$ cat work08.pdb   # PDB, C-alpha atoms
ATOM      1  CA  MET A   1      23.417  74.154 -60.136  1.00  0.00           C
ATOM      2  CA  ASP A   2      20.885  71.982 -58.310  1.00  0.00           C
ATOM      3  CA  ILE A   3      22.485  71.636 -54.862  1.00  0.00           C
ATOM      4  CA  ALA A   4      19.725  69.328 -53.603  1.00  0.00           C
ATOM      5  CA  SER A   5      20.739  66.658 -56.103  1.00  0.00           C
ATOM      6  CA  PHE A   6      24.087  66.369 -54.291  1.00  0.00           C
ATOM      7  CA  ILE A   7      22.544  65.709 -50.857  1.00  0.00           C
ATOM      8  CA  ARG A   8      21.848  62.064 -50.006  1.00  0.00           C
ATOM      9  CA  HIS A   9      18.995  61.210 -47.610  1.00  0.00           C
ATOM     10  CA  VAL A  10      19.799  58.508 -45.064  1.00  0.00           C
ATOM     11  CA  PRO A  11      16.747  57.417 -43.004  1.00  0.00           C
ATOM     12  CA  ASP A  12      17.057  56.329 -39.376  1.00  0.00           C
ATOM     13  CA  TYR A  13      20.570  57.707 -38.884  1.00  0.00           C
ATOM     14  CA  PRO A  14      22.042  58.233 -36.338  1.00  0.00           C
ATOM     15  CA  LYS A  15      18.974  56.748 -34.667  1.00  0.00           C
ATOM     16  CA  PRO A  16      15.470  55.641 -35.681  1.00  0.00           C
ATOM     17  CA  GLY A  17      13.190  58.460 -36.777  1.00  0.00           C
ATOM     18  CA  ILE A  18      16.002  60.818 -37.820  1.00  0.00           C
ATOM     19  CA  LEU A  19      16.510  61.642 -41.501  1.00  0.00           C
ATOM     20  CA  PHE A  20      20.207  62.409 -42.018  1.00  0.00           C
ATOM     21  CA  TYR A  21      21.283  64.725 -44.843  1.00  0.00           C
ATOM     22  CA  ASP A  22      24.584  63.327 -46.135  1.00  0.00           C
ATOM     23  CA  ILE A  23      26.791  65.950 -47.789  1.00  0.00           C
ATOM     24  CA  THR A  24      29.532  63.566 -48.961  1.00  0.00           C
ATOM     25  CA  PRO A  25      28.244  63.533 -52.577  1.00  0.00           C
ATOM     26  CA  LEU A  26      28.418  67.355 -52.544  1.00  0.00           C
ATOM     27  CA  LEU A  27      31.983  67.262 -51.210  1.00  0.00           C
ATOM     28  CA  ALA A  28      32.927  64.711 -53.896  1.00  0.00           C
ATOM     29  CA  SER A  29      31.988  67.128 -56.674  1.00  0.00           C
ATOM     30  CA  PRO A  30      34.516  69.964 -57.109  1.00  0.00           C
ATOM     31  CA  GLU A  31      32.029  71.855 -59.256  1.00  0.00           C
ATOM     32  CA  ALA A  32      29.090  71.579 -56.835  1.00  0.00           C
ATOM     33  CA  PHE A  33      31.214  72.250 -53.746  1.00  0.00           C
ATOM     34  CA  GLY A  34      32.860  75.239 -55.434  1.00  0.00           C
ATOM     35  CA  ASP A  35      29.440  76.582 -56.391  1.00  0.00           C
ATOM     36  CA  VAL A  36      28.252  76.300 -52.779  1.00  0.00           C
ATOM     37  CA  ILE A  37      31.315  78.127 -51.433  1.00  0.00           C
ATOM     38  CA  GLU A  38      30.924  80.895 -53.997  1.00  0.00           C
ATOM     39  CA  ARG A  39      27.217  81.307 -53.160  1.00  0.00           C
ATOM     40  CA  MET A  40      28.063  81.481 -49.457  1.00  0.00           C
ATOM     41  CA  ALA A  41      30.765  84.065 -50.166  1.00  0.00           C
ATOM     42  CA  ASP A  42      28.331  86.171 -52.207  1.00  0.00           C
ATOM     43  CA  ALA A  43      25.853  86.118 -49.303  1.00  0.00           C
ATOM     44  CA  ALA A  44      28.541  86.895 -46.707  1.00  0.00           C
ATOM     45  CA  ARG A  45      30.368  89.795 -48.378  1.00  0.00           C
ATOM     46  CA  PRO A  46      27.696  92.452 -47.647  1.00  0.00           C
ATOM     47  CA  LEU A  47      27.907  91.534 -43.927  1.00  0.00           C
ATOM     48  CA  ARG A  48      31.613  92.511 -43.866  1.00  0.00           C
ATOM     49  CA  PRO A  49      32.744  89.753 -41.485  1.00  0.00           C
ATOM     50  CA  THR A  50      36.221  89.912 -39.967  1.00  0.00           C
ATOM     51  CA  ARG A  51      36.130  86.345 -38.644  1.00  0.00           C
ATOM     52  CA  ILE A  52      34.240  83.129 -39.277  1.00  0.00           C
ATOM     53  CA  VAL A  53      33.149  80.855 -36.432  1.00  0.00           C
ATOM     54  CA  ALA A  54      32.284  77.257 -37.276  1.00  0.00           C
ATOM     55  CA  VAL A  55      31.504  74.115 -35.329  1.00  0.00           C
ATOM     56  CA  GLU A  56      33.131  70.741 -35.844  1.00  0.00           C
ATOM     57  CA  ALA A  57      33.020  68.749 -37.946  1.00  0.00           C
ATOM     58  CA  ARG A  58      30.842  69.480 -40.951  1.00  0.00           C
ATOM     59  CA  GLY A  59      30.814  73.228 -40.332  1.00  0.00           C
ATOM     60  CA  PHE A  60      34.593  73.248 -40.753  1.00  0.00           C
ATOM     61  CA  LEU A  61      34.237  71.832 -44.261  1.00  0.00           C
ATOM     62  CA  PHE A  62      32.388  74.936 -45.441  1.00  0.00           C
ATOM     63  CA  ALA A  63      33.995  77.524 -43.179  1.00  0.00           C
ATOM     64  CA  ALA A  64      37.640  76.940 -44.099  1.00  0.00           C
ATOM     65  CA  PRO A  65      37.341  77.542 -47.862  1.00  0.00           C
ATOM     66  CA  LEU A  66      34.843  80.332 -47.209  1.00  0.00           C
ATOM     67  CA  ALA A  67      37.246  82.098 -44.811  1.00  0.00           C
ATOM     68  CA  GLN A  68      40.000  81.816 -47.394  1.00  0.00           C
ATOM     69  CA  ARG A  69      37.724  83.149 -50.137  1.00  0.00           C
ATOM     70  CA  LEU A  70      36.678  86.123 -47.969  1.00  0.00           C
ATOM     71  CA  GLY A  71      40.187  86.794 -46.661  1.00  0.00           C
ATOM     72  CA  VAL A  72      39.222  86.460 -42.988  1.00  0.00           C
ATOM     73  CA  GLY A  73      40.316  84.231 -40.121  1.00  0.00           C
ATOM     74  CA  LEU A  74      38.527  81.150 -38.831  1.00  0.00           C
ATOM     75  CA  ALA A  75      37.809  80.426 -35.159  1.00  0.00           C
ATOM     76  CA  PRO A  76      36.932  76.763 -34.536  1.00  0.00           C
ATOM     77  CA  VAL A  77      34.215  75.766 -32.084  1.00  0.00           C
ATOM     78  CA  ARG A  78      34.792  72.311 -30.643  1.00  0.00           C
ATOM     79  CA  LYS A  79      33.534  69.857 -28.059  1.00  0.00           C
ATOM     80  CA  PRO A  80      34.982  69.913 -24.520  1.00  0.00           C
ATOM     81  CA  GLY A  81      38.552  68.690 -24.221  1.00  0.00           C
ATOM     82  CA  LYS A  82      39.392  69.338 -27.894  1.00  0.00           C
ATOM     83  CA  LEU A  83      40.840  72.861 -27.554  1.00  0.00           C
ATOM     84  CA  PRO A  84      44.205  73.255 -25.802  1.00  0.00           C
ATOM     85  CA  CYS A  85      43.716  76.725 -24.266  1.00  0.00           C
ATOM     86  CA  GLU A  86      41.233  78.387 -21.924  1.00  0.00           C
ATOM     87  CA  ALA A  87      37.786  78.412 -23.532  1.00  0.00           C
ATOM     88  CA  PHE A  88      34.269  79.731 -23.166  1.00  0.00           C
ATOM     89  CA  GLU A  89      31.568  77.025 -22.954  1.00  0.00           C
ATOM     90  CA  ALA A  90      27.910  76.871 -23.974  1.00  0.00           C
ATOM     91  CA  SER A  91      25.590  73.874 -23.605  1.00  0.00           C
ATOM     92  CA  TYR A  92      22.669  73.134 -25.912  1.00  0.00           C
ATOM     93  CA  ASP A  93      20.046  70.548 -26.839  1.00  0.00           C
ATOM     94  CA  LEU A  94      19.819  68.706 -30.141  1.00  0.00           C
ATOM     95  CA  GLU A  95      16.832  66.954 -31.645  1.00  0.00           C
ATOM     96  CA  TYR A  96      18.365  63.706 -30.337  1.00  0.00           C
ATOM     97  CA  GLY A  97      20.525  64.654 -27.312  1.00  0.00           C
ATOM     98  CA  SER A  98      22.539  67.444 -25.715  1.00  0.00           C
ATOM     99  CA  ASN A  99      26.098  68.691 -25.913  1.00  0.00           C
ATOM    100  CA  THR A 100      28.531  71.454 -24.966  1.00  0.00           C
ATOM    101  CA  LEU A 101      30.614  73.585 -27.296  1.00  0.00           C
ATOM    102  CA  CYS A 102      33.819  75.510 -26.590  1.00  0.00           C
ATOM    103  CA  LEU A 103      35.596  78.500 -28.155  1.00  0.00           C
ATOM    104  CA  HIS A 104      39.083  79.711 -27.221  1.00  0.00           C
ATOM    105  CA  LYS A 105      38.808  82.853 -25.113  1.00  0.00           C
ATOM    106  CA  ASP A 106      41.361  84.594 -27.335  1.00  0.00           C
ATOM    107  CA  ALA A 107      39.773  83.539 -30.652  1.00  0.00           C
ATOM    108  CA  LEU A 108      37.763  86.736 -31.095  1.00  0.00           C
ATOM    109  CA  THR A 109      38.017  90.379 -30.095  1.00  0.00           C
ATOM    110  CA  PRO A 110      35.230  92.858 -29.319  1.00  0.00           C
ATOM    111  CA  GLU A 111      35.984  94.489 -32.690  1.00  0.00           C
ATOM    112  CA  ASP A 112      35.226  91.308 -34.647  1.00  0.00           C
ATOM    113  CA  ARG A 113      32.171  90.988 -36.875  1.00  0.00           C
ATOM    114  CA  VAL A 114      31.505  87.250 -36.893  1.00  0.00           C
ATOM    115  CA  LEU A 115      29.909  85.108 -39.569  1.00  0.00           C
ATOM    116  CA  ILE A 116      28.677  81.810 -38.113  1.00  0.00           C
ATOM    117  CA  VAL A 117      28.879  78.984 -40.663  1.00  0.00           C
ATOM    118  CA  ASP A 118      27.462  75.473 -40.465  1.00  0.00           C
ATOM    119  CA  ASP A 119      26.067  72.842 -42.784  1.00  0.00           C
ATOM    120  CA  ILE A 120      22.529  72.644 -41.407  1.00  0.00           C
ATOM    121  CA  LEU A 121      20.102  74.583 -39.249  1.00  0.00           C
ATOM    122  CA  ALA A 122      17.662  72.211 -37.544  1.00  0.00           C
ATOM    123  CA  THR A 123      16.242  73.040 -34.098  1.00  0.00           C
ATOM    124  CA  GLY A 124      18.651  75.931 -33.566  1.00  0.00           C
ATOM    125  CA  GLY A 125      20.375  74.494 -30.499  1.00  0.00           C
ATOM    126  CA  THR A 126      23.869  74.445 -31.992  1.00  0.00           C
ATOM    127  CA  LEU A 127      23.397  77.872 -33.541  1.00  0.00           C
ATOM    128  CA  ASP A 128      22.144  79.310 -30.247  1.00  0.00           C
ATOM    129  CA  ALA A 129      25.220  77.940 -28.444  1.00  0.00           C
ATOM    130  CA  MET A 130      27.523  79.476 -31.056  1.00  0.00           C
ATOM    131  CA  ILE A 131      25.764  82.849 -30.773  1.00  0.00           C
ATOM    132  CA  ARG A 132      26.227  82.697 -26.996  1.00  0.00           C
ATOM    133  CA  LEU A 133      29.928  81.816 -27.383  1.00  0.00           C
ATOM    134  CA  VAL A 134      30.479  84.795 -29.690  1.00  0.00           C
ATOM    135  CA  GLY A 135      28.641  86.970 -27.161  1.00  0.00           C
ATOM    136  CA  GLN A 136      30.851  85.747 -24.326  1.00  0.00           C
ATOM    137  CA  SER A 137      33.878  86.901 -26.329  1.00  0.00           C
ATOM    138  CA  GLY A 138      32.448  90.399 -26.731  1.00  0.00           C
ATOM    139  CA  ALA A 139      32.346  90.120 -30.540  1.00  0.00           C
ATOM    140  CA  THR A 140      29.261  90.813 -32.682  1.00  0.00           C
ATOM    141  CA  VAL A 141      27.437  88.242 -34.791  1.00  0.00           C
ATOM    142  CA  ALA A 142      27.154  89.924 -38.196  1.00  0.00           C
ATOM    143  CA  GLY A 143      25.209  87.022 -39.691  1.00  0.00           C
ATOM    144  CA  CYS A 144      24.900  83.291 -40.239  1.00  0.00           C
ATOM    145  CA  CYS A 145      25.362  81.215 -43.365  1.00  0.00           C
ATOM    146  CA  MET A 146      24.083  77.648 -43.673  1.00  0.00           C
ATOM    147  CA  LEU A 147      24.002  75.152 -46.486  1.00  0.00           C
ATOM    148  CA  MET A 148      20.557  73.809 -45.468  1.00  0.00           C
ATOM    149  CA  GLU A 149      17.669  74.663 -43.189  1.00  0.00           C
ATOM    150  CA  LEU A 150      15.100  72.151 -41.987  1.00  0.00           C
ATOM    151  CA  ASP A 151      12.243  74.658 -42.094  1.00  0.00           C
ATOM    152  CA  ALA A 152       9.730  72.575 -40.123  1.00  0.00           C
ATOM    153  CA  LEU A 153      11.997  72.478 -37.046  1.00  0.00           C
ATOM    154  CA  GLY A 154      11.930  76.274 -36.585  1.00  0.00           C
ATOM    155  CA  GLY A 155      15.607  76.731 -35.746  1.00  0.00           C
ATOM    156  CA  ARG A 156      15.743  80.284 -37.066  1.00  0.00           C
ATOM    157  CA  LYS A 157      13.760  81.470 -34.021  1.00  0.00           C
ATOM    158  CA  VAL A 158      17.032  81.692 -32.050  1.00  0.00           C
ATOM    159  CA  LEU A 159      18.381  84.363 -34.420  1.00  0.00           C
ATOM    160  CA  GLY A 160      16.273  87.358 -33.496  1.00  0.00           C
ATOM    161  CA  ASP A 161      17.452  90.109 -35.860  1.00  0.00           C
ATOM    162  CA  ILE A 162      20.643  88.326 -36.966  1.00  0.00           C
ATOM    163  CA  PRO A 163      20.720  87.908 -40.771  1.00  0.00           C
ATOM    164  CA  LEU A 164      20.603  84.332 -42.062  1.00  0.00           C
ATOM    165  CA  SER A 165      21.561  83.067 -45.506  1.00  0.00           C
ATOM    166  CA  VAL A 166      20.499  79.538 -46.458  1.00  0.00           C
ATOM    167  CA  LEU A 167      21.174  77.863 -49.804  1.00  0.00           C
ATOM    168  CA  LEU A 168      18.719  74.978 -49.530  1.00  0.00           C
ATOM    169  CA  HIS A 169      15.424  74.750 -47.641  1.00  0.00           C
ATOM    170  CA  VAL A 170      14.205  71.229 -46.845  1.00  0.00           C
TER     171      VAL A 170
END

$ encode --input "work08.pdb" --output "structure tokens"
Amino acid sequence: MDIASFIRHVPDYPKPGILFYDITPLLASPEAFGDVIERMADAARPLRPTRIVAVEARGFLFAAPLAQRLGVGLAPVRKPGKLPCEAFEASYDLEYGSNTLCLHKDALTPEDRVLIVDDILATGGTLDAMIRLVGQSGATVAGCCMLMELDALGGRKVLGDIPLSVLLHV
């Protein structure tokens, strides 16, 4: 299935000069969305994850069905003030701003092999923050799985030796 045909390009969103990749047409197609989840599961299985970590909001859309398909738990990463219990924090820069992410301190154990899931890898700032959050918990990042990668922005540089699976390069 041609995944790219289900991604809408929205210029100048959320601000001028940014090209936004809208995944709502992909989510509207049960066949295309199911194909994406199955491809992600196929890429993730050899990594033997015990937990998935995903960032709000679009990462959750892929991580939840993927966690269910793999039979592993999901640990949500959220913005400050959105998690009710004590949390680790990591700040990062985006291509158009900065932010902080949080992960419950009891979400992972040192025995966990974590698969980080998100919709898009751009500059790597969000991914780097998630890797640092997993590290703070003592768990190991087994790999990362993304729907898309904006190759020209070089976000994969933050990975080092961590395996990365990407379904669509743009």

$ atom_distance --input "work08.pdb" --atom1 "atom CA of Gly143 of chain A" --atom2 "atom CA of Arg48 of chain A"
9.4 Å

$ atom_distance --input "work08.pdb" --atom1 "atom CA of Met40 of chain A" --atom2 "atom CA of Ala64 of chain A"
11.9 Å

$ resolve_selection --input "work08.pdb" --expression "the PyMOL selection byres ((chain A and resi 20) around 10)" --output "ChimeraX atom specification"
/A:7-15,17-19,21-23

$ residues_around --input "work08.pdb" --residues "segment 118-127 of chain A" --least-positions-apart "3" --cutoff "7 Å" --atoms "all atoms listed in the file" --output "list in words"
Ala54, Val55, Arg58, Gly59, Tyr92, Asp93, Leu94, Glu95, Met130, Ile131, Cys145, Met146, Leu147, Met148, Glu149, Leu150, Leu153, Gly154, Gly155, Arg156 and Val158 of chain A

$ axis_aligned_box --input "work08.pdb" --around "segment 108-121 of chain A" --padding-each-side "6 Å" --output "lines of an AutoDock Vina configuration file"
center_x = 29.1
center_y = 83.6
center_z = -36.1
size_x = 29.9
size_y = 33.8
size_z = 25.5

$ closest_residue --input "work08.pdb" --among "A:Ala32, A:Ile37, A:Leu26, A:Cys102" --to "Val53 of chain A" --atoms "only C-alpha atoms"
A:Cys102

$ residues_near_point --input "work08.pdb" --point "(28.6, 89.8, -31.2)" --cutoff "8 Å" --atoms "only C-alpha atoms" --output "PyMOL selection string"
chain A and resi 110+112-114+131+134-135+137-142

$ atom_distance --input "work08.pdb" --atom1 "atom CA of Pro76 of chain A" --atom2 "atom CA of Gly34 of chain A"
21.3 Å

$ resolve_selection --input "work08.pdb" --expression "the PyMOL selection byres ((chain A and resi 104) around 10)" --output "JSON, numbers by chain"
{"A": [75, 76, 77, 78, 83, 84, 85, 86, 87, 88, 89, 102, 103, 105, 106, 107, 108, 133, 137]}

$ residues_near_point --input "work08.pdb" --point "(28.8, 70.1, -30.0)" --cutoff "6 Å" --atoms "only C-alpha atoms" --output "MDAnalysis selection string"
chainID A and resid 79 99:101

$ write_last_selection --input "work08.pdb" --atoms "C-alpha atoms" --output "PDB file, in the coordinates of the input"
ATOM      1  CA  LYS A  79      33.534  69.857 -28.059  1.00  0.00           C
ATOM      2  CA  ASN A  99      26.098  68.691 -25.913  1.00  0.00           C
ATOM      3  CA  THR A 100      28.531  71.454 -24.966  1.00  0.00           C
ATOM      4  CA  LEU A 101      30.614  73.585 -27.296  1.00  0.00           C
TER       5      LEU A 101
END

$ closest_residue --input "work08.pdb" --among "A:Pro163, A:Ile3, A:Arg45, A:Ala129" --to "Val72 of chain A" --atoms "all atoms listed in the file"
A:Arg45

$ closest_residue --input "work08.pdb" --among "A:Met1, A:Ser165, A:Gly160, A:Glu111" --to "Ala41 of chain A" --atoms "only C-alpha atoms"
A:Ser165

$ closest_residue --input "work08.pdb" --among "A:Pro80, A:Leu167, A:Leu66, A:Ile116" --to "Arg132 of chain A" --atoms "all atoms listed in the file"
A:Ile116

$ closest_residue --input "work08.pdb" --among "A:Pro49, A:Pro16, A:Pro65, A:Pro25" --to "Ala4 of chain A" --atoms "all atoms listed in the file"
A:Pro25

$ build_atoms --input "work08.pdb" --residues "segment 24-47 of chain A" --atoms "N, CA and C atoms" --output "mmCIF file, keeping the file's coordinate frame"
data_model
loop_
_atom_site.group_PDB
_atom_site.id
_atom_site.type_symbol
_atom_site.label_atom_id
_atom_site.label_comp_id
_atom_site.auth_asym_id
_atom_site.auth_seq_id
_atom_site.Cartn_x
_atom_site.Cartn_y
_atom_site.Cartn_z
ATOM 1 N N THR A 24 28.335 64.103 -48.298
ATOM 2 C CA THR A 24 29.532 63.566 -48.961
ATOM 3 C C THR A 24 29.447 63.590 -50.490
ATOM 4 N N PRO A 25 28.282 63.382 -51.118
ATOM 5 C CA PRO A 25 28.244 63.533 -52.577
ATOM 6 C C PRO A 25 28.549 64.977 -53.021
ATOM 7 N N LEU A 26 28.115 65.958 -52.241
ATOM 8 C CA LEU A 26 28.418 67.355 -52.544
ATOM 9 C C LEU A 26 29.922 67.599 -52.444
ATOM 10 N N LEU A 27 30.544 67.087 -51.397
ATOM 11 C CA LEU A 27 31.983 67.262 -51.210
ATOM 12 C C LEU A 27 32.786 66.552 -52.290
ATOM 13 N N ALA A 28 32.235 65.483 -52.852
ATOM 14 C CA ALA A 28 32.927 64.711 -53.896
ATOM 15 C C ALA A 28 32.922 65.412 -55.250
ATOM 16 N N SER A 29 32.084 66.414 -55.407
ATOM 17 C CA SER A 29 31.988 67.128 -56.674
ATOM 18 C C SER A 29 32.676 68.489 -56.560
ATOM 19 N N PRO A 30 33.850 68.662 -57.176
ATOM 20 C CA PRO A 30 34.516 69.964 -57.109
ATOM 21 C C PRO A 30 33.650 71.103 -57.654
ATOM 22 N N GLU A 31 32.873 70.816 -58.672
ATOM 23 C CA GLU A 31 32.029 71.855 -59.256
ATOM 24 C C GLU A 31 30.910 72.256 -58.301
ATOM 25 N N ALA A 32 30.205 71.278 -57.741
ATOM 26 C CA ALA A 32 29.090 71.579 -56.835
ATOM 27 C C ALA A 32 29.594 72.232 -55.548
ATOM 28 N N PHE A 33 30.672 71.682 -54.980
ATOM 29 C CA PHE A 33 31.214 72.250 -53.746
ATOM 30 C C PHE A 33 31.717 73.676 -53.995
ATOM 31 N N GLY A 34 32.397 73.889 -55.094
ATOM 32 C CA GLY A 34 32.860 75.239 -55.434
ATOM 33 C C GLY A 34 31.711 76.211 -55.607
ATOM 34 N N ASP A 35 30.622 75.746 -56.218
ATOM 35 C CA ASP A 35 29.440 76.582 -56.391
ATOM 36 C C ASP A 35 28.846 76.969 -55.039
ATOM 37 N N VAL A 36 28.785 76.021 -54.116
ATOM 38 C CA VAL A 36 28.252 76.300 -52.779
ATOM 39 C C VAL A 36 29.111 77.347 -52.066
ATOM 40 N N ILE A 37 30.431 77.181 -52.109
ATOM 41 C CA ILE A 37 31.315 78.127 -51.433
ATOM 42 C C ILE A 37 31.178 79.510 -52.045
ATOM 43 N N GLU A 38 31.075 79.596 -53.359
ATOM 44 C CA GLU A 38 30.924 80.895 -53.997
ATOM 45 C C GLU A 38 29.588 81.543 -53.632
ATOM 46 N N ARG A 39 28.521 80.757 -53.572
ATOM 47 C CA ARG A 39 27.217 81.307 -53.160
ATOM 48 C C ARG A 39 27.260 81.799 -51.717
ATOM 49 N N MET A 40 27.920 81.040 -50.845
ATOM 50 C CA MET A 40 28.063 81.481 -49.457
ATOM 51 C C MET A 40 28.875 82.771 -49.381
ATOM 52 N N ALA A 41 29.940 82.857 -50.157
ATOM 53 C CA ALA A 41 30.765 84.065 -50.166
ATOM 54 C C ALA A 41 29.965 85.269 -50.654
ATOM 55 N N ASP A 42 29.169 85.081 -51.689
ATOM 56 C CA ASP A 42 28.331 86.171 -52.207
ATOM 57 C C ASP A 42 27.354 86.670 -51.142
ATOM 58 N N ALA A 43 26.795 85.737 -50.367
ATOM 59 C CA ALA A 43 25.853 86.118 -49.303
ATOM 60 C C ALA A 43 26.566 86.794 -48.137
ATOM 61 N N ALA A 44 27.810 86.390 -47.873
ATOM 62 C CA ALA A 44 28.541 86.895 -46.707
ATOM 63 C C ALA A 44 29.175 88.260 -46.934
ATOM 64 N N ARG A 45 29.621 88.550 -48.126
ATOM 65 C CA ARG A 45 30.368 89.795 -48.378
ATOM 66 C C ARG A 45 29.659 91.048 -47.887
ATOM 67 N N PRO A 46 28.357 91.223 -48.125
ATOM 68 C CA PRO A 46 27.696 92.452 -47.647
ATOM 69 C C PRO A 46 27.698 92.590 -46.113
ATOM 70 N N LEU A 47 27.894 91.492 -45.397
ATOM 71 C CA LEU A 47 27.907 91.534 -43.927
ATOM 72 C C LEU A 47 29.252 92.009 -43.385
#
